[in-house]
Amino acid sequence: MLMLRLQRLGTTKRPTYRLIVSEKRKDTQAGSLEILGAYEPQSKDKKFNVKADRVKYWISVGAQTSNTVNNLLINNKIIEGKKRKSVTISKERKEKLLKKKAV
């Protein structure tokens, strides 16, 4: 299965990301089929440069998007739909938060 996901680049504490198409089970650093764009979250305007026509092509062919990529594409009005929850809290962390609230 093909996935549209982010590949981390940049230096320590200054990440930049590439939007790539790769196999789901393959590591993002192991190579990709195509580079679709770039995302710079540290810049003031949070630059998100992407080839919209290629993103739509890969989605039409059946490639899935990661939760974060899906939310970025929706924010930048490249695709339409509902946002997905991209960050989850573990069971242990939930219990710890409940204990903290109880005290």
# chains A, B, ... in the order shown; residues from 1 in each chain; ligands from 1
>>> closest_atom_pairs(of="region 49-75 of chain A", to="region 32-35 of chain A", cutoff="12 Å", atoms="only C-alpha atoms", output="JSON lines")
{"residue": "A:Asn49", "atom": "CA", "partner": "A:Ile35", "partner_atom": "CA", "distance": 11.3}
{"residue": "A:Val50", "atom": "CA", "partner": "A:Ile35", "partner_atom": "CA", "distance": 9.2}
{"residue": "A:Lys51", "atom": "CA", "partner": "A:Ile35", "partner_atom": "CA", "distance": 9.1}
{"residue": "A:Ala52", "atom": "CA", "partner": "A:Ile35", "partner_atom": "CA", "distance": 11.9}
{"residue": "A:Arg54", "atom": "CA", "partner": "A:Glu34", "partner_atom": "CA", "distance": 9.3}
{"residue": "A:Val55", "atom": "CA", "partner": "A:Ile35", "partner_atom": "CA", "distance": 10.0}
{"residue": "A:Tyr57", "atom": "CA", "partner": "A:Glu34", "partner_atom": "CA", "distance": 11.9}
{"residue": "A:Trp58", "atom": "CA", "partner": "A:Glu34", "partner_atom": "CA", "distance": 9.9}
{"residue": "A:Ala63", "atom": "CA", "partner": "A:Leu33", "partner_atom": "CA", "distance": 11.7}
>>> write_last_selection(atoms="N, CA and C atoms", output="tab-separated table (two decimals), in the first residue's frame")
chain	number	residue	atom	x	y	z
A	49	ASN	N	4.80	23.98	0.62
A	49	ASN	CA	4.84	23.98	-0.83
A	49	ASN	C	4.59	22.56	-1.31
A	50	VAL	N	3.59	22.40	-2.17
A	50	VAL	CA	3.25	21.06	-2.62
A	50	VAL	C	2.74	21.10	-4.06
A	51	LYS	N	2.97	20.02	-4.78
A	51	LYS	CA	2.45	19.87	-6.14
A	51	LYS	C	1.03	19.30	-6.02
A	52	ALA	N	0.04	20.18	-6.04
A	52	ALA	CA	-1.35	19.79	-5.78
A	52	ALA	C	-1.85	18.77	-6.79
A	54	ARG	N	-0.19	16.52	-8.45
A	54	ARG	CA	0.41	15.20	-8.20
A	54	ARG	C	-0.17	14.55	-6.95
A	55	VAL	N	-0.46	15.36	-5.93
A	55	VAL	CA	-1.09	14.82	-4.72
A	55	VAL	C	-2.45	14.22	-5.07
A	57	TYR	N	-3.42	13.17	-7.94
A	57	TYR	CA	-3.21	11.98	-8.77
A	57	TYR	C	-2.94	10.76	-7.90
A	58	TRP	N	-2.01	10.87	-6.95
A	58	TRP	CA	-1.66	9.73	-6.11
A	58	TRP	C	-2.84	9.28	-5.26
A	63	ALA	N	-3.44	5.80	-3.19
A	63	ALA	CA	-2.50	6.05	-2.09
A	63	ALA	C	-3.26	6.67	-0.91
>>> select_by_dssp(residues="chain A", states="strand (DSSP E or B)", output="PyMOL selection string")
chain A and resi 2-11+14-23+34-40+47-50+64-65
>>> write_last_selection(atoms="N, CA and C atoms", output="compact mmCIF listing (two decimals), in the first residue's frame")
# COMPACT_ATOMS: atom_id res chain seq x y z
N LEU A 2 0.51 2.19 -0.82
CA LEU A 2 1.26 3.44 -0.90
C LEU A 2 0.72 4.47 0.09
N MET A 3 1.63 5.25 0.65
CA MET A 3 1.26 6.28 1.62
C MET A 3 1.90 7.61 1.24
N LEU A 4 1.15 8.68 1.45
CA LEU A 4 1.70 10.03 1.38
C LEU A 4 2.05 10.40 2.81
N ARG A 5 3.32 10.64 3.07
CA ARG A 5 3.73 10.96 4.43
C ARG A 5 4.93 11.88 4.44
N LEU A 6 5.30 12.31 5.63
CA LEU A 6 6.39 13.27 5.78
C LEU A 6 7.71 12.56 6.07
N GLN A 7 8.78 13.05 5.45
CA GLN A 7 10.13 12.58 5.70
C GLN A 7 10.87 13.71 6.39
N ARG A 8 11.42 13.44 7.57
CA ARG A 8 12.09 14.50 8.35
C ARG A 8 13.48 14.76 7.80
N LEU A 9 13.76 16.04 7.63
CA LEU A 9 15.08 16.51 7.22
C LEU A 9 15.47 17.64 8.16
N GLY A 10 16.58 18.27 7.91
CA GLY A 10 16.98 19.42 8.72
C GLY A 10 17.90 19.04 9.84
N THR A 11 18.27 20.04 10.62
CA THR A 11 19.22 19.84 11.70
C THR A 11 18.47 19.58 13.01
N ARG A 14 15.64 21.97 14.34
CA ARG A 14 15.20 22.79 13.20
C ARG A 14 14.69 21.86 12.10
N PRO A 15 13.58 21.16 12.35
CA PRO A 15 13.14 20.20 11.35
C PRO A 15 12.50 20.86 10.12
N THR A 16 12.71 20.23 9.00
CA THR A 16 11.96 20.51 7.78
C THR A 16 11.52 19.15 7.27
N TYR A 17 10.46 19.13 6.52
CA TYR A 17 9.90 17.86 6.07
C TYR A 17 9.68 17.87 4.57
N ARG A 18 9.77 16.69 3.97
CA ARG A 18 9.40 16.48 2.58
C ARG A 18 8.11 15.67 2.58
N LEU A 19 7.24 16.00 1.66
CA LEU A 19 6.05 15.19 1.44
C LEU A 19 6.40 14.18 0.37
N ILE A 20 6.36 12.90 0.72
CA ILE A 20 6.79 11.85 -0.20
C ILE A 20 5.71 10.80 -0.39
N VAL A 21 5.86 10.01 -1.45
CA VAL A 21 5.04 8.82 -1.68
C VAL A 21 5.96 7.63 -1.51
N SER A 22 5.60 6.71 -0.61
CA SER A 22 6.42 5.52 -0.41
C SER A 22 5.54 4.37 0.07
N GLU A 23 6.12 3.19 0.10
CA GLU A 23 5.41 2.03 0.63
C GLU A 23 5.17 2.22 2.12
N GLU A 34 8.22 9.29 -5.19
CA GLU A 34 8.19 10.66 -5.70
C GLU A 34 8.18 11.65 -4.54
N ILE A 35 8.84 12.77 -4.74
CA ILE A 35 8.81 13.87 -3.76
C ILE A 35 7.76 14.86 -4.24
N LEU A 36 6.76 15.11 -3.39
CA LEU A 36 5.62 15.94 -3.78
C LEU A 36 5.70 17.37 -3.28
N GLY A 37 6.56 17.64 -2.30
CA GLY A 37 6.64 19.00 -1.79
C GLY A 37 7.45 19.07 -0.52
N ALA A 38 7.32 20.21 0.17
CA ALA A 38 8.08 20.44 1.40
C ALA A 38 7.23 21.19 2.41
N TYR A 39 7.55 20.99 3.68
CA TYR A 39 6.85 21.65 4.78
C TYR A 39 7.89 22.16 5.77
N GLU A 40 7.81 23.45 6.09
CA GLU A 40 8.74 24.07 7.04
C GLU A 40 7.96 24.62 8.23
N LYS A 47 5.64 27.48 5.89
CA LYS A 47 5.59 27.21 4.45
C LYS A 47 5.21 25.76 4.16
N PHE A 48 4.24 25.59 3.27
CA PHE A 48 3.82 24.26 2.82
C PHE A 48 3.71 24.32 1.31
N ASN A 49 4.80 23.98 0.62
CA ASN A 49 4.84 23.98 -0.83
C ASN A 49 4.59 22.56 -1.31
N VAL A 50 3.59 22.40 -2.17
CA VAL A 50 3.25 21.06 -2.62
C VAL A 50 2.74 21.10 -4.06
N GLN A 64 -2.89 6.25 0.28
CA GLN A 64 -3.49 6.78 1.50
C GLN A 64 -2.63 7.92 2.03
N THR A 65 -3.22 8.78 2.85
CA THR A 65 -2.44 9.84 3.49
C THR A 65 -2.30 9.54 4.97
>>> closest_residue(among="A:Pro41, A:Asn67, A:Lys26, A:Leu72", to="Thr88 (chain A)", atoms="only C-alpha atoms")
A:Asn67
